[in-house]
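Next up, protein08.csv (CSV, C-alpha atoms (C1' of nucleotides)):
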```csv
chain,number,residue,atom,x,y,z
A,1297,MET,CA,0.0,0.0,0.0
A,1298,ASP,CA,1.2,3.4,-0.9
A,1299,TYR,CA,0.3,6.3,1.3
A,1300,THR,CA,1.0,9.1,-1.1
A,1301,ARG,CA,-0.9,12.3,-0.7
A,1302,ASP,CA,-2.8,11.6,-3.9
A,1303,ASN,CA,-4.0,8.3,-2.5
A,1304,MET,CA,-5.0,10.1,0.7
A,1305,ALA,CA,-7.4,12.2,-1.3
A,1306,GLY,CA,-9.1,9.1,-2.6
A,1307,LEU,CA,-9.2,7.6,0.8
A,1308,LEU,CA,-10.9,10.6,2.2
A,1309,ARG,CA,-13.4,10.8,-0.6
A,1310,SER,CA,-14.2,7.1,-0.2
A,1311,HIS,CA,-15.1,7.9,3.4
A,1312,ASP,CA,-17.3,10.8,2.4
A,1313,ILE,CA,-14.8,13.5,3.5
A,1314,ASN,CA,-14.0,16.5,1.4
A,1315,PRO,CA,-10.3,16.3,0.8
A,1316,THR,CA,-8.8,19.7,1.7
A,1317,HIS,CA,-5.1,20.4,1.8
A,1318,GLN,CA,-5.1,20.2,5.6
A,1319,ARG,CA,-7.1,17.0,5.8
A,1320,ILE,CA,-4.7,15.4,3.3
A,1321,GLU,CA,-1.7,16.4,5.4
A,1322,ILE,CA,-3.2,15.0,8.6
A,1323,ALA,CA,-4.3,11.8,7.0
A,1324,HIS,CA,-0.8,11.4,5.5
A,1325,ALA,CA,0.8,11.9,8.9
A,1326,LEU,CA,-1.3,9.1,10.4
A,1327,PHE,CA,-1.3,6.6,7.5
A,1328,SER,CA,2.2,6.9,6.2
A,1329,ARG,CA,3.4,6.1,9.7
A,1330,GLN,CA,0.8,3.6,10.7
A,1331,GLU,CA,1.4,4.6,14.3
A,1332,HIS,CA,-0.7,5.8,17.2
A,1333,LEU,CA,-0.4,9.6,17.4
A,1334,SER,CA,-1.8,12.1,19.8
A,1335,ALA,CA,-3.4,15.4,18.5
A,1336,ASP,CA,-0.2,17.1,19.7
A,1337,GLN,CA,2.0,14.9,17.7
A,1338,VAL,CA,-0.1,15.2,14.6
A,1339,MET,CA,0.1,19.0,14.9
A,1340,ALA,CA,3.9,18.8,15.3
A,1341,ILE,CA,4.3,16.6,12.3
A,1342,VAL,CA,2.0,18.6,10.0
A,1343,ASN,CA,3.7,21.9,11.0
A,1344,THR,CA,7.3,20.8,10.8
A,1345,ARG,CA,8.4,23.2,8.1
A,1346,HIS,CA,6.3,26.3,8.8
A,1347,SER,CA,3.1,26.6,10.6
A,1348,GLU,CA,0.4,25.6,8.2
A,1349,THR,CA,-2.5,24.1,10.2
A,1350,SER,CA,-4.1,25.5,13.3
A,1351,LYS,CA,-4.8,23.6,16.5
A,1352,ALA,CA,-8.5,23.9,15.9
A,1353,THR,CA,-8.3,22.3,12.5
A,1354,VAL,CA,-6.2,19.4,13.8
A,1355,TYR,CA,-8.8,18.7,16.5
A,1356,ASN,CA,-11.7,19.2,14.2
A,1357,THR,CA,-10.2,17.0,11.5
A,1358,LEU,CA,-9.3,14.2,13.9
A,1359,LYS,CA,-12.9,14.2,15.3
A,1360,LEU,CA,-14.2,14.1,11.8
A,1361,PHE,CA,-12.0,11.2,10.8
A,1362,LEU,CA,-13.2,9.4,14.0
A,1363,GLU,CA,-16.9,10.0,13.1
A,1364,LYS,CA,-16.3,8.8,9.5
A,1365,GLY,CA,-14.6,5.6,10.7
A,1366,LEU,CA,-11.2,6.5,9.2
A,1367,VAL,CA,-9.4,6.2,12.5
A,1368,ARG,CA,-10.0,4.8,16.0
A,1369,GLU,CA,-9.6,6.5,19.3
A,1370,VAL,CA,-7.4,4.8,21.9
A,1371,ILE,CA,-7.8,5.8,25.5
A,1372,VAL,CA,-4.9,4.4,27.6
A,1373,ASP,CA,-3.3,7.5,29.1
A,1374,PRO,CA,-5.3,9.8,31.2
A,1375,SER,CA,-3.5,12.8,29.8
A,1376,LYS,CA,-4.0,12.4,26.1
A,1377,VAL,CA,-6.0,10.5,23.5
A,1378,PHE,CA,-4.3,8.6,20.8
A,1379,PHE,CA,-5.6,8.2,17.2
A,1380,ASP,CA,-5.1,4.9,15.5
A,1381,PRO,CA,-5.1,4.6,11.7
A,1382,ASN,CA,-5.7,0.8,12.0
A,1383,THR,CA,-9.4,0.3,12.2
A,1384,SER,CA,-9.4,-3.5,11.8
A,1385,PRO,CA,-10.3,-5.3,15.0
A,1386,HIS,CA,-7.4,-5.3,17.4
A,1387,HIS,CA,-6.3,-4.7,20.9
A,1388,HIS,CA,-3.5,-2.8,22.5
A,1389,LEU,CA,-0.3,-3.3,24.4
A,1390,TYR,CA,0.7,-0.3,26.4
A,1391,GLU,CA,4.2,0.1,27.9
A,1392,VAL,CA,3.5,2.2,30.9
A,1393,ASP,CA,6.9,3.7,31.5
A,1394,SER,CA,7.8,4.5,27.9
A,1395,GLY,CA,4.3,5.3,26.7
A,1396,LYS,CA,4.8,3.0,23.7
A,1397,LEU,CA,1.6,1.6,22.3
A,1398,SER,CA,1.4,-1.4,19.9
A,1399,ASP,CA,-1.3,-3.5,18.4
A,1400,ILE,CA,-2.4,-7.0,19.2
A,1401,ASP,CA,-4.3,-8.7,16.4
A,1402,ALA,CA,-7.8,-9.6,17.5
A,1403,ALA,CA,-8.0,-12.7,15.4
A,1404,GLN,CA,-5.9,-14.7,17.8
A,1405,VAL,CA,-7.6,-13.5,21.0
A,1406,ARG,CA,-10.7,-15.0,22.3
A,1407,ILE,CA,-12.8,-13.3,24.9
A,1408,SER,CA,-15.6,-15.5,26.4
A,1409,GLY,CA,-18.1,-15.3,29.3
A,1410,LEU,CA,-19.0,-11.7,29.0
A,1411,PRO,CA,-22.4,-11.1,30.7
A,1412,PRO,CA,-25.4,-10.1,28.6
A,1413,LEU,CA,-25.8,-6.4,27.9
A,1414,PRO,CA,-28.4,-4.3,29.8
A,1415,ASP,CA,-31.7,-4.0,27.9
A,1416,GLY,CA,-31.7,-1.5,25.1
A,1417,MET,CA,-28.0,-1.3,24.9
A,1418,VAL,CA,-25.7,-2.2,22.0
A,1419,THR,CA,-22.0,-2.7,22.1
A,1420,GLU,CA,-20.0,0.1,20.6
A,1421,GLY,CA,-16.7,-1.6,21.0
A,1422,ILE,CA,-14.6,-3.8,23.2
A,1423,ASP,CA,-11.2,-2.4,24.3
A,1424,LEU,CA,-8.7,-4.7,25.7
A,1425,ILE,CA,-5.5,-3.1,27.0
A,1426,VAL,CA,-2.6,-5.1,28.3
A,1427,ARG,CA,-0.5,-2.8,30.5
A,1428,VAL,CA,3.1,-3.9,30.8
A,1429,ARG,CA,6.1,-2.5,32.6
A,1430,ARG,CA,9.8,-3.1,32.1
A,1431,ILE,CA,11.3,-5.3,34.9
A,1432,SER,CA,13.3,-3.0,37.2
B,1021,MET,CA,-18.8,-4.9,55.8
B,1022,ASP,CA,-19.2,-1.7,57.7
B,1023,TYR,CA,-17.4,1.3,56.2
B,1024,THR,CA,-17.4,3.6,59.2
B,1025,ARG,CA,-14.8,6.2,59.6
B,1026,ASP,CA,-13.2,4.2,62.4
B,1027,ASN,CA,-12.8,1.2,60.1
B,1028,MET,CA,-11.3,3.4,57.5
B,1029,ALA,CA,-8.5,4.2,59.8
B,1030,GLY,CA,-7.7,0.5,60.2
B,1031,LEU,CA,-8.0,0.0,56.5
B,1032,LEU,CA,-5.5,2.8,55.8
B,1033,ARG,CA,-3.1,1.5,58.5
B,1034,SER,CA,-3.3,-2.0,57.1
B,1035,HIS,CA,-2.1,-0.5,53.8
B,1036,ASP,CA,0.7,1.3,55.4
B,1037,ILE,CA,-1.0,4.7,55.1
B,1038,ASN,CA,-1.0,7.2,58.0
B,1039,PRO,CA,-4.6,7.8,58.7
B,1040,THR,CA,-5.2,11.5,58.8
B,1041,HIS,CA,-8.5,13.2,59.0
B,1042,GLN,CA,-8.5,14.1,55.3
B,1043,ARG,CA,-7.5,10.6,54.2
B,1044,ILE,CA,-10.2,9.0,56.3
B,1045,GLU,CA,-12.8,11.3,54.7
B,1046,ILE,CA,-11.6,10.5,51.2
B,1047,ALA,CA,-11.5,6.7,51.9
B,1048,HIS,CA,-14.9,6.9,53.4
B,1049,ALA,CA,-16.3,8.7,50.4
B,1050,LEU,CA,-15.0,6.0,48.1
B,1051,PHE,CA,-15.7,2.9,50.1
B,1052,SER,CA,-19.0,3.7,51.7
B,1053,ARG,CA,-20.4,4.2,48.2
B,1054,GLN,CA,-18.5,1.4,46.4
B,1055,GLU,CA,-18.7,3.5,43.3
B,1056,HIS,CA,-16.3,4.8,40.7
B,1057,LEU,CA,-15.6,8.4,41.5
B,1058,SER,CA,-13.6,11.0,39.7
B,1059,ALA,CA,-11.3,13.3,41.7
B,1060,ASP,CA,-13.8,16.1,41.2
B,1061,GLN,CA,-16.6,14.0,42.6
B,1062,VAL,CA,-14.5,13.0,45.6
B,1063,MET,CA,-13.7,16.6,46.3
B,1064,ALA,CA,-17.4,17.6,46.1
B,1065,ILE,CA,-18.4,14.8,48.5
B,1066,VAL,CA,-15.7,15.6,51.0
B,1067,ASN,CA,-16.5,19.3,51.0
B,1068,THR,CA,-20.3,19.2,51.1
B,1069,ARG,CA,-20.8,21.0,54.4
B,1070,HIS,CA,-17.9,23.5,54.3
B,1071,SER,CA,-14.7,23.4,52.4
B,1072,GLU,CA,-12.4,21.1,54.4
B,1073,THR,CA,-10.0,19.5,52.0
B,1074,SER,CA,-8.0,21.2,49.3
B,1075,LYS,CA,-7.8,20.1,45.7
B,1076,ALA,CA,-4.1,19.3,46.1
B,1077,THR,CA,-4.8,17.0,49.0
B,1078,VAL,CA,-7.5,15.2,47.1
B,1079,TYR,CA,-5.2,14.5,44.2
B,1080,ASN,CA,-2.2,13.6,46.4
B,1081,THR,CA,-4.3,11.3,48.5
B,1082,LEU,CA,-5.9,9.5,45.5
B,1083,LYS,CA,-2.4,9.0,44.0
B,1084,LEU,CA,-1.2,7.7,47.4
B,1085,PHE,CA,-4.1,5.2,47.6
B,1086,LEU,CA,-3.3,4.1,44.1
B,1087,GLU,CA,0.3,3.4,44.9
B,1088,LYS,CA,-0.6,1.5,48.0
B,1089,GLY,CA,-3.1,-0.6,46.2
B,1090,LEU,CA,-6.1,0.6,48.0
B,1091,VAL,CA,-7.9,1.8,44.8
B,1092,ARG,CA,-7.6,1.2,41.1
B,1093,GLU,CA,-7.5,3.7,38.3
B,1094,VAL,CA,-10.0,3.3,35.5
B,1095,ILE,CA,-9.3,5.1,32.3
B,1096,VAL,CA,-12.4,5.2,30.0
B,1097,ASP,CA,-13.1,8.8,29.5
B,1098,PRO,CA,-10.4,11.0,28.0
B,1099,SER,CA,-11.5,13.9,30.1
B,1100,LYS,CA,-11.2,12.4,33.6
B,1101,VAL,CA,-9.9,9.4,35.5
B,1102,PHE,CA,-12.1,7.4,37.7
B,1103,PHE,CA,-11.0,5.8,41.0
B,1104,ASP,CA,-12.4,2.4,41.8
B,1105,PRO,CA,-12.5,1.1,45.4
B,1106,ASN,CA,-12.9,-2.5,44.1
B,1107,THR,CA,-9.5,-3.9,43.6
B,1108,SER,CA,-10.5,-7.5,43.0
B,1109,PRO,CA,-10.0,-8.6,39.4
B,1110,HIS,CA,-12.8,-7.3,37.3
B,1111,HIS,CA,-13.6,-5.5,34.1
B,1112,HIS,CA,-15.8,-2.6,33.2
B,1113,LEU,CA,-18.9,-1.7,31.3
B,1114,TYR,CA,-19.1,1.9,30.2
B,1115,GLU,CA,-22.2,3.5,29.0
B,1116,VAL,CA,-20.9,6.0,26.6
B,1117,ASP,CA,-23.8,8.5,26.6
B,1118,SER,CA,-24.6,8.6,30.3
B,1119,GLY,CA,-21.0,8.1,31.5
B,1120,LYS,CA,-22.2,5.3,33.8
B,1121,LEU,CA,-19.5,2.8,34.7
B,1122,SER,CA,-20.2,-0.6,36.2
B,1123,ASP,CA,-18.2,-3.7,37.1
B,1124,ILE,CA,-17.9,-7.0,35.3
B,1125,ASP,CA,-16.7,-9.8,37.5
B,1126,ALA,CA,-13.5,-11.3,36.0
B,1127,ALA,CA,-14.2,-14.8,37.3
B,1128,GLN,CA,-16.7,-15.5,34.5
B,1129,VAL,CA,-14.6,-14.0,31.7
B,1130,ARG,CA,-11.9,-15.9,29.9
B,1131,ILE,CA,-9.4,-14.2,27.7
B,1132,SER,CA,-7.2,-16.5,25.7
B,1133,GLY,CA,-4.7,-16.3,22.9
B,1134,LEU,CA,-2.8,-13.2,24.0
B,1135,PRO,CA,0.6,-13.1,22.5
B,1136,PRO,CA,3.7,-13.5,24.6
B,1137,LEU,CA,5.0,-10.4,26.2
B,1138,PRO,CA,8.1,-8.6,24.8
B,1139,ASP,CA,11.3,-9.6,26.7
B,1140,GLY,CA,11.9,-8.0,30.0
B,1141,MET,CA,8.3,-7.0,30.4
B,1142,VAL,CA,5.8,-7.9,33.0
B,1143,THR,CA,2.1,-7.5,32.9
B,1144,GLU,CA,0.9,-4.7,35.2
B,1145,GLY,CA,-2.7,-5.3,34.4
B,1146,ILE,CA,-5.3,-6.2,31.8
B,1147,ASP,CA,-8.1,-3.7,31.3
B,1148,LEU,CA,-11.1,-4.9,29.4
B,1149,ILE,CA,-13.7,-2.2,28.7
B,1150,VAL,CA,-17.0,-2.9,27.0
B,1151,ARG,CA,-18.3,0.3,25.6
B,1152,VAL,CA,-22.1,0.3,25.2
B,1153,ARG,CA,-24.6,2.8,23.9
B,1154,ARG,CA,-28.4,3.1,24.3
B,1155,ILE,CA,-30.2,2.2,21.1
B,1156,SER,CA,-31.4,5.4,19.5
C,1388,DC,C1',-16.8,33.0,-12.6
C,1389,DC,C1',-20.4,33.6,-8.8
C,1390,DG,C1',-22.5,32.8,-4.6
C,1391,DA,C1',-23.6,29.4,-1.1
C,1392,DA,C1',-21.9,26.1,1.6
C,1393,DT,C1',-18.0,24.4,3.7
C,1394,DA,C1',-13.4,24.9,6.0
C,1395,DT,C1',-9.9,27.2,8.4
C,1396,DT,C1',-8.0,30.4,11.6
C,1397,DA,C1',-6.3,33.0,15.9
C,1398,DG,C1',-7.0,33.4,20.2
C,1399,DA,C1',-9.9,33.4,24.2
C,1400,DC,C1',-11.6,30.1,27.2
C,1401,DA,C1',-12.5,25.8,30.2
C,1402,DA,C1',-11.3,21.8,32.9
C,1403,DA,C1',-8.2,18.4,34.9
C,1404,DG,C1',-4.3,18.0,37.1
C,1405,DT,C1',0.6,19.5,38.9
C,1406,DC,C1',3.6,22.1,41.6
C,1407,DC,C1',5.4,24.9,45.2
C,1408,DA,C1',6.6,27.4,49.3
C,1409,DG,C1',4.6,28.4,53.5
C,1410,DA,C1',1.4,27.0,57.4
C,1411,DT,C1',-0.4,23.1,60.3
C,1412,DT,C1',-0.4,18.9,62.6
C,1413,DG,C1',1.1,15.5,65.5
C,1414,DC,C1',4.7,12.9,67.3
C,1415,DT,C1',9.0,12.3,70.2
C,1416,DG,C1',12.0,12.6,73.9
C,1417,DA,C1',13.7,15.4,77.7
D,782,DT,C1',4.8,20.4,79.3
D,783,DC,C1',7.0,21.7,75.3
D,784,DA,C1',10.7,22.4,71.7
D,785,DG,C1',12.0,20.3,67.6
D,786,DC,C1',11.1,17.7,63.6
D,787,DA,C1',9.0,15.1,60.0
D,788,DA,C1',4.9,14.5,57.7
D,789,DT,C1',0.9,16.6,55.9
D,790,DC,C1',-2.1,20.1,54.1
D,791,DT,C1',-3.1,24.4,51.8
D,792,DG,C1',-4.1,28.2,48.4
D,793,DG,C1',-3.0,29.7,44.4
D,794,DA,C1',-0.3,30.0,40.3
D,795,DC,C1',0.7,27.3,36.5
D,796,DT,C1',0.5,23.7,32.6
D,797,DT,C1',-1.7,20.9,29.3
D,798,DT,C1',-5.3,19.2,26.6
D,799,DG,C1',-9.1,20.3,24.3
D,800,DT,C1',-13.3,23.5,23.0
D,801,DC,C1',-15.6,27.5,21.2
D,802,DT,C1',-16.4,31.5,18.5
D,803,DA,C1',-16.7,34.9,15.1
D,804,DA,C1',-14.3,36.4,11.3
D,805,DT,C1',-11.9,35.1,7.0
D,806,DA,C1',-10.8,32.0,3.3
D,807,DT,C1',-11.7,28.2,0.2
D,808,DT,C1',-14.2,25.1,-2.6
D,809,DC,C1',-17.6,23.5,-5.8
D,810,DG,C1',-21.7,23.2,-8.5
D,811,DG,C1',-23.9,25.4,-12.0
```

Go ahead and express the file in the form of structure tokens.
Amino acid sequence: MDYTRDNMAGLLRSHDINPTHQRIEIAHALFSRQEHLSADQVMAIVNTRHSETSKATVYNTLKLFLEKGLVREVIVDPSKVFFDPNTSPHHHLYEVDSGKLSDIDAAQVRISGLPPLPDGMVTEGIDLIVRVRRIS
Amino acid sequence: MDYTRDNMAGLLRSHDINPTHQRIEIAHALFSRQEHLSADQVMAIVNTRHSETSKATVYNTLKLFLEKGLVREVIVDPSKVFFDPNTSPHHHLYEVDSGKLSDIDAAQVRISGLPPLPDGMVTEGIDLIVRVRRIS
DNA sequence: CCGAATATTAGACAAAGTCCAGATTGCTGA
DNA sequence: TCAGCAATCTGGACTTTGTCTAATATTCGG
């Protein structure tokens, strides 16, 4: 897969998102790296050369991507949200001291014995986070 | 189990925590309710009558309780951390729209097929969060 | 190329949480 | 009893993440 800026435009369009210059840059930042990035990190990447994209736009765009199913939100650190360009079913491994976050393929993992949901509720997602720490 | 303030003092001592007035109040707030509370909520409860405990103390105390294994931290909402007086193994059910958080007993749930940990790492905990939403 | 709709922007604002230096508390031993 | 000392608590300034708003800029269909 080639994450050129041109392909980003197509990706955005296919998710019903108007591909503007800023949105393409932000998508490129996330998808070319295939990493979990915080809003802060996205902003830093997008504005490396000279400031091009405002804070508000970064936040708006990430929220838009989230709504349109282009990225996933990962909540592991109380101080910041990570955005994950991998939307296929998977879980997360979080290294507490370094803050490094990596994927665990959901295909191998089996979760059984969950209780029935309360009436009138539907599952929006199941997040499994394995918190690990370096042996000291 | 009786969560009187006197018993709180014993609980604190048994966890190697000096039982001060403020710490007893905070422990009482958490344990008498057996609910997930945010720092904000704890502060509101403790200071209902007249302001008695400062913000700094509430945060310091909750962090201390966490270190001493008296409470658990639950990270489900990016905007605030919840503190959980239930430290027995369990998972969480989070109602996205109402913000309500409830427990899922870990005894019934089986998680299998997790990949081996990276070298030199130990598991600090496994958080399983089922996010649900009311059918609209 | 025009005008409407859609995006972007700077900067003010809000909320959660941290930090610090000074004031309080509660022991301890004489 | 009380001075000395360590532990604790405090208000308030500060930081960081994220939201909001009103003005400006861009885009797109016709």

Got a sec to pull out which chain C residues are within 10 Å of chain B, counting all atoms listed in the file, and send them as a PyMOL selection string? chain C and resi 1402-1406+1412

Of the candidates D:DA804, D:DC795, D:DA784, D:DC790, which one gets nearest to chain B if we count all atoms listed in the file? D:DC790

Can you list, as a list of chain:residue names, every protein, DNA or RNA residue that comes within 12 Å of DG1413 of chain C when you count all atoms listed in the file, leaving out same-chain residues fewer than 6 positions away?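 The residues that qualify are B:Asn1038, B:Pro1039, B:Thr1040, B:His1041, D:DC786, D:DA787, D:DA788, D:DT789.
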
Chain A residues near chain B within 8 Å, closest pair each, using all atoms listed in the file, as a tab-separated table:
```
residue	atom	partner	partner_atom	distance
A:Ile1371	CA	B:Pro1098	CA	6.3
A:Val1372	CA	B:Ile1095	CA	6.5
A:Asp1373	CA	B:Ile1095	CA	7.2
A:Pro1374	CA	B:Pro1098	CA	6.1
A:Ser1375	CA	B:Pro1098	CA	7.4
A:Lys1376	CA	B:Pro1098	CA	6.8
A:Val1377	CA	B:Pro1098	CA	6.3
A:Ile1400	CA	B:Pro1135	CA	7.6
A:Gln1404	CA	B:Gly1133	CA	5.5
A:Val1405	CA	B:Gly1133	CA	4.5
A:Arg1406	CA	B:Ser1132	CA	5.1
A:Ile1407	CA	B:Ile1131	CA	4.5
A:Ser1408	CA	B:Arg1130	CA	5.1
A:Gly1409	CA	B:Val1129	CA	4.4
A:Leu1410	CA	B:Val1129	CA	5.7
A:Pro1411	CA	B:Ile1124	CA	7.6
A:Gly1416	CA	B:Ile1155	CA	5.7
A:Met1417	CA	B:Arg1154	CA	4.5
A:Val1418	CA	B:Val1152	CA	5.4
A:Thr1419	CA	B:Val1152	CA	4.3
A:Glu1420	CA	B:Val1152	CA	5.1
A:Gly1421	CA	B:Arg1151	CA	5.2
A:Ile1422	CA	B:Val1150	CA	4.6
A:Asp1423	CA	B:Ile1149	CA	5.1
A:Leu1424	CA	B:Leu1148	CA	4.4
A:Ile1425	CA	B:Asp1147	CA	5.1
A:Val1426	CA	B:Ile1146	CA	4.6
A:Arg1427	CA	B:Gly1145	CA	5.1
A:Val1428	CA	B:Thr1143	CA	4.3
A:Arg1429	CA	B:Val1142	CA	5.4
A:Arg1430	CA	B:Met1141	CA	4.5
A:Ile1431	CA	B:Gly1140	CA	5.6
```

Find the residues of chain D that sit at most 10 Å from chain A; for each, write down the nearest two atoms and how far apart they are in Å, to one decimal. Count only C-alpha atoms (C1' of nucleotides). Sort by chain, then by number going up, and give it as a Markdown table.
```
| residue | atom | partner | partner_atom | distance |
| --- | --- | --- | --- | --- |
| D:DT797 | C1' | A:Ser1375 | CA | 8.3 |
| D:DT798 | C1' | A:Lys1376 | CA | 6.9 |
| D:DG799 | C1' | A:Tyr1355 | CA | 8.0 |
| D:DT800 | C1' | A:Ala1352 | CA | 8.6 |
| D:DC801 | C1' | A:Ala1352 | CA | 9.6 |
| D:DT807 | C1' | A:Thr1316 | CA | 9.1 |
| D:DT808 | C1' | A:Thr1316 | CA | 8.8 |
```

Point-to-point distance in Å for atom CA of Ile1320 of chain A and atom CA of Ala1305 of chain A: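 Value for the atom CA of Ala1305 of chain A-atom CA of Ile1320 of chain A distance: 6.2 Å.
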
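Residues lying at most 9 Å from (-12.3, 32.2, 2.8) in file coordinates, with all atoms listed in the file considered, are DA1394 and DT1395 of chain C; DT805, DA806 and DT807 of chain D.
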
So how far away is atom CA of Gly1119 of chain B from atom CA of Val1354 of chain A, in Å?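 That distance, rounded to one decimal, is 25.7 Å.
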
What's around Leu1360 of chain A at 12 Å? Count only C-alpha atoms (C1' of nucleotides), leave out sequence neighbours fewer than 5 positions away in its own chain, and write the answer as number ranges by chain. A: 1308, 1311-1315, 1319, 1322-1323, 1353-1355, 1365-1369, 1379

Gap from atom CA of Ala1325 of chain A to atom CA of Thr1383 of chain A - Å, one decimal: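 Between atom CA of Ala1325 of chain A and atom CA of Thr1383 of chain A the gap works out to 15.8 Å.
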
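Each of D:DG811, D:DT802, D:DA794, D:DT782 was compared to DC1400 of chain C using only C-alpha atoms (C1' of nucleotides), and D:DT802 turns out to be the nearest.
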
How about completing segment 1091-1112 of chain B with N, CA and C atoms and giving it to me as a JSON list (two decimals), in the coordinates of the input?
```json
[["chain", "number", "residue", "atom", "x", "y", "z"],
["B", 1091, "VAL", "N", -6.91, 1.52, 45.89],
["B", 1091, "VAL", "CA", -7.90, 1.80, 44.80],
["B", 1091, "VAL", "C", -7.26, 1.47, 43.48],
["B", 1092, "ARG", "N", -8.10, 1.40, 42.47],
["B", 1092, "ARG", "CA", -7.60, 1.20, 41.10],
["B", 1092, "ARG", "C", -8.03, 2.39, 40.25],
["B", 1093, "GLU", "N", -7.26, 2.61, 39.21],
["B", 1093, "GLU", "CA", -7.50, 3.70, 38.30],
["B", 1093, "GLU", "C", -8.26, 3.14, 37.10],
["B", 1094, "VAL", "N", -9.32, 3.80, 36.68],
["B", 1094, "VAL", "CA", -10.00, 3.30, 35.50],
["B", 1094, "VAL", "C", -10.03, 4.44, 34.46],
["B", 1095, "ILE", "N", -9.44, 4.14, 33.32],
["B", 1095, "ILE", "CA", -9.30, 5.10, 32.30],
["B", 1095, "ILE", "C", -10.24, 4.79, 31.13],
["B", 1096, "VAL", "N", -11.39, 5.43, 31.10],
["B", 1096, "VAL", "CA", -12.40, 5.20, 30.00],
["B", 1096, "VAL", "C", -12.77, 6.42, 29.33],
["B", 1097, "ASP", "N", -12.66, 7.52, 30.02],
["B", 1097, "ASP", "CA", -13.10, 8.80, 29.50],
["B", 1097, "ASP", "C", -11.86, 9.67, 29.36],
["B", 1098, "PRO", "N", -11.62, 10.22, 28.17],
["B", 1098, "PRO", "CA", -10.40, 11.00, 28.00],
["B", 1098, "PRO", "C", -10.34, 12.20, 28.93],
["B", 1099, "SER", "N", -11.49, 12.65, 29.41],
["B", 1099, "SER", "CA", -11.50, 13.90, 30.10],
["B", 1099, "SER", "C", -11.27, 13.76, 31.64],
["B", 1100, "LYS", "N", -11.46, 12.56, 32.17],
["B", 1100, "LYS", "CA", -11.20, 12.40, 33.60],
["B", 1100, "LYS", "C", -10.97, 10.95, 33.98],
["B", 1101, "VAL", "N", -10.18, 10.77, 35.03],
["B", 1101, "VAL", "CA", -9.90, 9.40, 35.50],
["B", 1101, "VAL", "C", -10.85, 9.08, 36.62],
["B", 1102, "PHE", "N", -11.26, 7.83, 36.65],
["B", 1102, "PHE", "CA", -12.10, 7.40, 37.70],
["B", 1102, "PHE", "C", -11.29, 6.50, 38.70],
["B", 1103, "PHE", "N", -11.65, 6.57, 39.97],
["B", 1103, "PHE", "CA", -11.00, 5.80, 41.00],
["B", 1103, "PHE", "C", -11.98, 4.73, 41.50],
["B", 1104, "ASP", "N", -11.51, 3.50, 41.60],
["B", 1104, "ASP", "CA", -12.40, 2.40, 41.80],
["B", 1104, "ASP", "C", -11.96, 1.68, 43.14],
["B", 1105, "PRO", "N", -12.84, 1.70, 44.15],
["B", 1105, "PRO", "CA", -12.50, 1.10, 45.40],
["B", 1105, "PRO", "C", -12.48, -0.45, 45.37],
["B", 1106, "ASN", "N", -12.96, -1.01, 44.27],
["B", 1106, "ASN", "CA", -12.90, -2.50, 44.10],
["B", 1106, "ASN", "C", -11.63, -2.87, 43.45],
["B", 1107, "THR", "N", -10.77, -3.53, 44.22],
["B", 1107, "THR", "CA", -9.50, -3.90, 43.60],
["B", 1107, "THR", "C", -9.41, -5.38, 43.27],
["B", 1108, "SER", "N", -10.50, -6.09, 43.48],
["B", 1108, "SER", "CA", -10.50, -7.50, 43.00],
["B", 1108, "SER", "C", -10.57, -7.52, 41.51],
["B", 1109, "PRO", "N", -10.08, -8.62, 40.89],
["B", 1109, "PRO", "CA", -10.00, -8.60, 39.40],
["B", 1109, "PRO", "C", -11.38, -8.48, 38.80],
["B", 1110, "HIS", "N", -11.52, -7.46, 38.01],
["B", 1110, "HIS", "CA", -12.80, -7.30, 37.30],
["B", 1110, "HIS", "C", -12.61, -6.34, 36.14],
["B", 1111, "HIS", "N", -13.61, -6.35, 35.27],
["B", 1111, "HIS", "CA", -13.60, -5.50, 34.10],
["B", 1111, "HIS", "C", -14.66, -4.45, 34.18],
["B", 1112, "HIS", "N", -14.81, -3.70, 33.09],
["B", 1112, "HIS", "CA", -15.80, -2.60, 33.20],
["B", 1112, "HIS", "C", -16.71, -2.48, 31.99]]
```
